[in-house]
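Chemist: Below is the file upload_20.csv, with CSV, C-alpha atoms.
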```csv
chain,number,residue,atom,x,y,z
V,1,MET,CA,28.0,23.1,10.1
V,2,ASN,CA,24.8,24.8,9.1
V,3,VAL,CA,21.9,23.9,11.3
V,4,ASP,CA,19.2,26.0,9.7
V,5,ARG,CA,19.1,24.6,6.2
V,6,PRO,CA,16.6,22.1,4.6
V,7,ALA,CA,17.5,18.5,5.1
V,8,PRO,CA,19.5,16.5,2.5
V,9,GLY,CA,17.2,15.4,-0.3
V,10,GLU,CA,14.4,17.9,0.5
V,11,LYS,CA,13.1,19.6,-2.6
V,12,LEU,CA,11.4,23.0,-2.4
V,13,ASN,CA,7.9,23.3,-3.9
V,14,ALA,CA,8.1,25.0,-7.3
V,15,THR,CA,4.3,25.2,-7.8
V,16,GLY,CA,3.5,27.3,-4.8
V,17,GLU,CA,0.7,24.9,-3.8
V,18,ALA,CA,1.4,23.2,-0.5
V,19,THR,CA,1.5,19.4,-0.3
V,20,VAL,CA,-0.8,17.8,2.3
V,21,PRO,CA,1.4,16.4,5.0
V,22,ARG,CA,1.5,12.6,5.6
V,23,GLN,CA,0.9,11.6,9.2
V,24,ALA,CA,3.9,10.2,11.0
V,25,ALA,CA,5.2,9.2,14.4
V,26,THR,CA,8.6,9.1,16.2
V,27,VAL,CA,9.8,7.7,19.4
V,28,ILE,CA,12.5,9.3,21.6
V,29,LEU,CA,13.7,6.5,23.8
V,30,LEU,CA,15.1,7.5,27.2
V,31,ARG,CA,17.6,5.8,29.5
V,32,GLY,CA,19.4,7.0,32.7
V,33,GLY,CA,16.5,6.9,35.2
V,34,ALA,CA,16.9,9.5,37.9
V,35,ARG,CA,20.7,9.9,37.3
V,36,ALA,CA,21.1,10.9,33.7
V,37,LEU,CA,19.5,11.4,30.3
V,38,GLU,CA,20.6,9.6,27.1
V,39,VAL,CA,18.7,9.2,23.9
V,40,PRO,CA,19.3,6.9,20.9
V,41,LEU,CA,20.0,8.1,17.3
V,42,CYS,CA,20.0,5.9,14.3
V,43,LYS,CA,21.9,6.6,11.0
V,44,ARG,CA,19.8,6.4,7.8
V,45,THR,CA,21.4,4.6,4.9
V,46,GLU,CA,23.3,6.9,2.5
V,47,HIS,CA,21.1,5.6,-0.3
V,48,ALA,CA,17.9,7.0,1.2
V,49,ARG,CA,16.0,9.4,-1.1
V,50,LEU,CA,15.4,11.7,1.8
V,51,MET,CA,17.8,12.5,4.6
V,52,GLY,CA,20.4,10.0,3.4
V,53,GLY,CA,23.2,9.5,6.0
V,54,VAL,CA,21.4,11.6,8.6
V,55,TRP,CA,21.1,10.5,12.3
V,56,VAL,CA,17.4,10.4,13.5
V,57,PHE,CA,15.1,9.2,16.2
V,58,PRO,CA,13.3,5.9,15.1
V,59,GLY,CA,10.0,6.6,13.4
V,60,GLY,CA,8.0,6.7,10.2
V,61,ALA,CA,4.7,7.2,8.5
V,62,VAL,CA,1.4,6.1,9.8
V,63,ASP,CA,0.2,3.0,7.8
V,64,THR,CA,-3.2,1.5,7.0
V,65,GLN,CA,-2.5,-1.2,9.6
V,66,ASP,CA,-2.2,1.5,12.3
V,67,THR,CA,-5.8,2.7,11.6
V,68,ARG,CA,-7.7,-0.6,11.6
V,69,ARG,CA,-11.3,-0.5,12.8
V,70,ASP,CA,-10.6,-3.1,15.6
V,71,TRP,CA,-8.3,-0.5,17.2
V,72,GLY,CA,-11.1,2.0,17.4
V,73,ILE,CA,-9.8,4.1,14.4
V,74,THR,CA,-12.0,4.7,11.4
V,75,PRO,CA,-10.1,3.3,8.4
V,76,GLY,CA,-10.7,6.5,6.3
V,77,ALA,CA,-9.4,8.8,9.0
V,78,GLY,CA,-6.0,9.1,7.4
V,79,GLY,CA,-4.2,8.3,10.6
V,80,HIS,CA,-5.2,11.5,12.4
V,81,GLY,CA,-6.2,9.7,15.6
V,82,ASP,CA,-3.9,9.6,18.6
V,83,ALA,CA,-4.2,5.8,18.8
V,84,ALA,CA,-3.0,5.5,15.2
V,85,HIS,CA,0.1,7.6,15.9
V,86,ARG,CA,0.9,5.5,18.9
V,87,ARG,CA,0.6,2.3,17.0
V,88,ALA,CA,2.7,3.6,14.2
V,89,ALA,CA,5.4,4.8,16.6
V,90,LEU,CA,5.6,1.4,18.3
V,91,ARG,CA,5.6,-0.5,15.0
V,92,GLU,CA,8.4,1.6,13.5
V,93,LEU,CA,10.4,1.3,16.8
V,94,GLN,CA,10.2,-2.5,16.5
V,95,GLU,CA,10.9,-2.6,12.8
V,96,GLU,CA,13.8,-0.2,12.7
V,97,ALA,CA,15.4,-0.6,16.1
V,98,GLY,CA,14.3,-4.0,17.3
V,99,ILE,CA,12.7,-2.6,20.5
V,100,THR,CA,9.3,-3.9,21.6
V,101,ILE,CA,6.9,-1.9,23.8
V,102,GLU,CA,3.6,-3.6,24.1
V,103,ASP,CA,1.4,-0.9,25.6
V,104,PRO,CA,0.8,2.2,23.5
V,105,ARG,CA,-0.2,4.0,26.7
V,106,ALA,CA,3.4,3.8,27.8
V,107,LEU,CA,4.2,6.5,25.2
V,108,VAL,CA,4.2,10.1,26.5
V,109,LYS,CA,3.3,12.8,23.9
V,110,PHE,CA,6.1,15.3,23.7
V,111,SER,CA,5.8,17.4,20.5
V,112,ARG,CA,4.3,17.7,17.0
V,113,TRP,CA,6.3,19.1,14.0
V,114,ILE,CA,4.9,19.8,10.5
V,115,THR,CA,7.2,20.0,7.6
V,116,PRO,CA,7.3,23.6,6.1
V,117,PRO,CA,4.8,24.2,3.3
V,118,GLU,CA,7.6,25.3,1.0
V,119,VAL,CA,9.0,21.7,1.0
V,120,THR,CA,7.6,19.1,-1.5
V,121,ILE,CA,7.6,16.0,0.8
V,122,ARG,CA,5.8,16.9,4.0
V,123,TYR,CA,5.1,15.1,7.3
V,124,ASP,CA,2.9,15.9,10.3
V,125,THR,CA,5.1,14.1,12.9
V,126,HIS,CA,4.0,13.3,16.5
V,127,PHE,CA,7.0,12.8,18.8
V,128,PHE,CA,6.6,10.5,21.8
V,129,LEU,CA,8.8,9.7,24.8
V,130,ALA,CA,9.3,6.2,26.2
V,131,THR,CA,11.6,4.6,28.7
V,132,MET,CA,14.0,2.0,27.2
V,133,PRO,CA,12.6,-1.4,28.2
V,134,ALA,CA,14.7,-3.4,30.6
V,135,GLY,CA,16.4,-6.4,29.2
V,136,GLN,CA,16.2,-5.4,25.6
V,137,GLU,CA,19.0,-4.3,23.2
V,138,PRO,CA,18.6,-2.3,20.1
V,139,ALA,CA,19.0,-4.2,16.8
V,140,ILE,CA,18.8,-1.9,13.7
V,141,ASP,CA,17.4,-3.3,10.5
V,142,GLY,CA,20.6,-2.8,8.5
V,143,GLN,CA,18.6,-1.5,5.5
V,144,GLU,CA,16.8,1.8,6.3
V,145,LEU,CA,19.0,2.3,9.4
V,146,ILE,CA,22.7,1.3,9.4
V,147,ASP,CA,24.1,2.5,12.7
V,148,PHE,CA,22.9,3.2,16.2
V,149,GLY,CA,24.3,5.1,19.2
V,150,TRP,CA,23.3,6.4,22.6
V,151,PHE,CA,24.0,10.1,23.2
V,152,SER,CA,23.5,12.7,25.9
V,153,PRO,CA,21.7,15.6,24.2
V,154,ARG,CA,24.8,17.8,24.4
V,155,GLY,CA,27.0,14.9,23.3
V,156,ALA,CA,24.9,14.5,20.1
V,157,LEU,CA,25.0,18.3,19.4
V,158,ASP,CA,28.7,18.4,19.9
V,159,ALA,CA,29.3,15.4,17.6
V,160,HIS,CA,27.3,17.1,15.0
V,161,ALA,CA,29.3,20.3,15.4
V,162,ARG,CA,32.5,18.3,14.9
V,163,GLY,CA,31.1,16.7,11.7
V,164,GLU,CA,31.0,13.2,13.2
V,165,ILE,CA,27.3,12.8,12.7
V,166,ALA,CA,24.8,14.6,10.5
V,167,LEU,CA,21.6,16.0,12.1
V,168,VAL,CA,18.7,17.9,10.6
V,169,PHE,CA,16.8,20.9,12.0
V,170,PRO,CA,13.9,19.1,13.9
V,171,THR,CA,16.3,16.7,15.6
V,172,ILE,CA,18.7,19.5,16.6
V,173,LYS,CA,15.8,21.5,18.0
V,174,HIS,CA,14.6,18.6,20.0
V,175,LEU,CA,18.1,17.9,21.4
V,176,GLU,CA,18.4,21.5,22.4
V,177,GLN,CA,15.1,21.2,24.3
V,178,LEU,CA,16.4,18.1,26.1
V,179,GLU,CA,19.8,19.5,26.9
V,180,GLY,CA,18.7,21.3,30.0
V,181,VAL,CA,17.0,18.3,31.6
V,182,ALA,CA,18.9,16.5,34.3
V,183,SER,CA,17.5,13.0,33.9
V,184,ALA,CA,15.1,10.7,32.0
V,185,ASP,CA,12.8,10.7,35.0
V,186,GLU,CA,12.7,14.5,35.2
V,187,LEU,CA,11.9,14.7,31.4
V,188,LEU,CA,9.0,12.2,31.6
V,189,ALA,CA,7.5,14.0,34.6
V,190,HIS,CA,7.7,17.3,32.8
V,191,ALA,CA,6.2,15.9,29.6
V,192,ARG,CA,3.2,14.2,31.2
V,193,GLY,CA,0.2,16.5,30.9
V,194,ARG,CA,2.0,18.9,28.6
V,195,ASP,CA,-0.1,20.9,26.2
V,196,VAL,CA,1.4,19.9,22.8
V,197,ARG,CA,0.9,22.4,20.1
V,198,PRO,CA,2.0,21.9,16.5
V,199,VAL,CA,5.2,23.6,15.3
V,200,GLN,CA,5.5,24.4,11.6
V,201,PRO,CA,8.8,26.0,10.5
V,202,ARG,CA,9.1,27.9,7.2
V,203,VAL,CA,11.8,27.9,4.6
V,204,ILE,CA,12.9,31.4,3.6
V,205,LEU,CA,14.7,32.0,0.3
V,206,THR,CA,17.2,34.8,0.1
V,207,GLY,CA,18.6,34.7,-3.4
V,208,GLU,CA,19.7,31.1,-3.8
V,209,VAL,CA,20.1,30.4,-0.1
V,210,ALA,CA,17.3,28.6,1.8
V,211,ARG,CA,17.1,28.8,5.6
V,212,VAL,CA,14.6,27.4,8.1
V,213,VAL,CA,12.9,29.7,10.6
V,214,LEU,CA,10.6,29.0,13.5
V,215,PRO,CA,7.4,30.8,14.5
V,216,GLY,CA,8.4,34.1,16.2
V,217,GLU,CA,11.8,34.4,14.5
V,218,PRO,CA,12.6,37.2,12.1
V,219,GLY,CA,11.2,36.6,8.6
V,220,TYR,CA,8.6,34.0,9.6
V,221,GLU,CA,5.6,36.3,9.0
V,222,ASP,CA,6.9,38.0,5.9
```
Please render this file's structure as structure tokens.

Modeler:
Amino acid sequence: MNVDRPAPGEKLNATGEATVPRQAATVILLRGGARALEVPLCKRTEHARLMGGVWVFPGGAVDTQDTRRDWGITPGAGGHGDAAHRRAALRELQEEAGITIEDPRALVKFSRWITPPEVTIRYDTHFFLATMPAGQEPAIDGQELIDFGWFSPRGALDAHARGEIALVFPTIKHLEQLEGVASADELLAHARGRDVRPVQPRVILTGEVARVVLPGEPGYED
């Protein structure tokens, strides 16, 4: 299966003027402690306008409620503050997967990905890590998300290669990063204090074929 193509439902920008990315946040839950590393993936409904049927980490766009003044975020800030991203990540985790984490400080910033400027619908997504809370069980909403599973990073990539689950480029790249980590505890220790810099892929058109490339790869600067 192709892993370097735009996601299902993504439309390329025909005007040439880049859309301003909407702020978003995602949580990669971890379980396994010092012994192993597993992460959850949720299947989006086939009827979704964007990424229908794709397996993703729980997350979504920053909302106005995530930027309320009583949380120390200026309402007109557009969700750019770290606190707003953390609130959005925890809210989406609860709404989509039924998992409640009370303290936003429990989230560990891991990465930041910005949708390529060549794509019409764009997000500036902040990815956080969090330990799966003890005593809780995932409960997907059954509307936006219709299935749920725990995977080792390699297990998820292998399932995608066999055509059992559909993954998109950012999810694949995150799973590839996690594949070499021995345990959930090791990953959290590595991520704490990490200098997170934004990653913005590009979509390169060759004839009628579109492919996604990362900074530093051939064709990115052309």

Chemist: I'd like a table as a Markdown table: residues in region 161-200 of chain V with an atom no more than 10 Å from region 40-51 of chain V, each row giving the shortest atom pair and its distance in Å to one decimal, only C-alpha atoms counted, sorted by chain and rising residue number.

Modeler:
```
| residue | atom | partner | partner_atom | distance |
| --- | --- | --- | --- | --- |
| V:Ile165 | CA | V:Lys43 | CA | 8.4 |
| V:Ala166 | CA | V:Lys43 | CA | 8.5 |
| V:Leu167 | CA | V:Met51 | CA | 9.1 |
| V:Val168 | CA | V:Met51 | CA | 8.1 |
| V:Thr171 | CA | V:Leu41 | CA | 9.5 |
```

Chemist: Just checking: using all atoms listed in the file, which residue out of V:Gln136, V:Thr131, V:Ser152, V:Thr115 ends up closest to Arg202 (chain V)?

Modeler: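 Nearest candidate to Arg202 (chain V) out of V:Gln136, V:Thr131, V:Ser152, V:Thr115: V:Thr115.
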
Chemist: If I take CA of Tyr123 (chain V) and CA of Val27 (chain V), how far is one from the other in Å, to one decimal?

Modeler: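 If I compute the distance from CA of Tyr123 (chain V) to CA of Val27 (chain V), I get 14.9 Å.
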
Chemist: Kindly indicate which residue among V:Gly180, V:Gly33, V:Gly59, V:Gly193 lies nearest to Glu144 (chain V), using all atoms listed in the file for the distances.

Modeler: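 Counting all atoms listed in the file, the residue closest to Glu144 (chain V) is V:Gly59.
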
Chemist: Looking at V:Phe151, V:Phe57, V:Phe127, V:Tyr220, which one is nearest to Ala24 (chain V), with distances taken over only C-alpha atoms?

Modeler: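 Among the listed residues, the smallest separation from Ala24 (chain V) belongs to V:Phe127.
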
Chemist: Write out as number ranges by chain which residues come within 6 Å of Gln200 (chain V) when counting only C-alpha atoms, dropping same-chain ones fewer than 5 positions away.

Modeler: V: 113-114, 116

Chemist: Kindly export the residues of the current selection with C-alpha atoms, as a PDB file, keeping the file's coordinate frame.

Modeler:
```pdb
ATOM      1  CA  TRP V 113       6.300  19.100  14.000  1.00  0.00           C
ATOM      2  CA  ILE V 114       4.900  19.800  10.500  1.00  0.00           C
ATOM      3  CA  PRO V 116       7.300  23.600   6.100  1.00  0.00           C
TER       4      PRO V 116
END
```

Chemist: Counting only C-alpha atoms, which of V:Glu176, V:Asp158, V:Asp147, V:Asp124 gets nearest to Pro201 (chain V)?

Modeler: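 That would be V:Asp124, the residue with the smallest distance to Pro201 (chain V).
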
Chemist: Taking (15.5, 16.4, 13.3) as a centre in this file's frame and 9 Å as the limit, can you find every polymer residue with an atom that close, using all atoms listed in the file, and give them as a list in words?

Modeler: Ala7, Val54, Trp55, Val56, Phe57, Leu167, Val168, Phe169, Pro170, Thr171, Ile172, Lys173, His174 and Leu175 of chain V

Chemist: Within 10 Å of (3.0, 0.6, 16.9) (coordinates as in the file), grab all the protein and nucleic acid residues, counting only C-alpha atoms, and write them out as a ChimeraX atom specification.

Modeler: /V:25,59,62-63,65-66,83-95,100-104

Chemist: Could you jot down the CA of Ser111 (chain V) to CA of Leu205 (chain V) separation for me, Å, one decimal place?

Modeler: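 If I compute the distance from CA of Ser111 (chain V) to CA of Leu205 (chain V), I get 26.5 Å.
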
Chemist: What is the distance, in Å and to one decimal place, between CA of Pro198 (chain V) and CA of Arg122 (chain V)?

Modeler: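 Those two atoms sit 14.0 Å apart.
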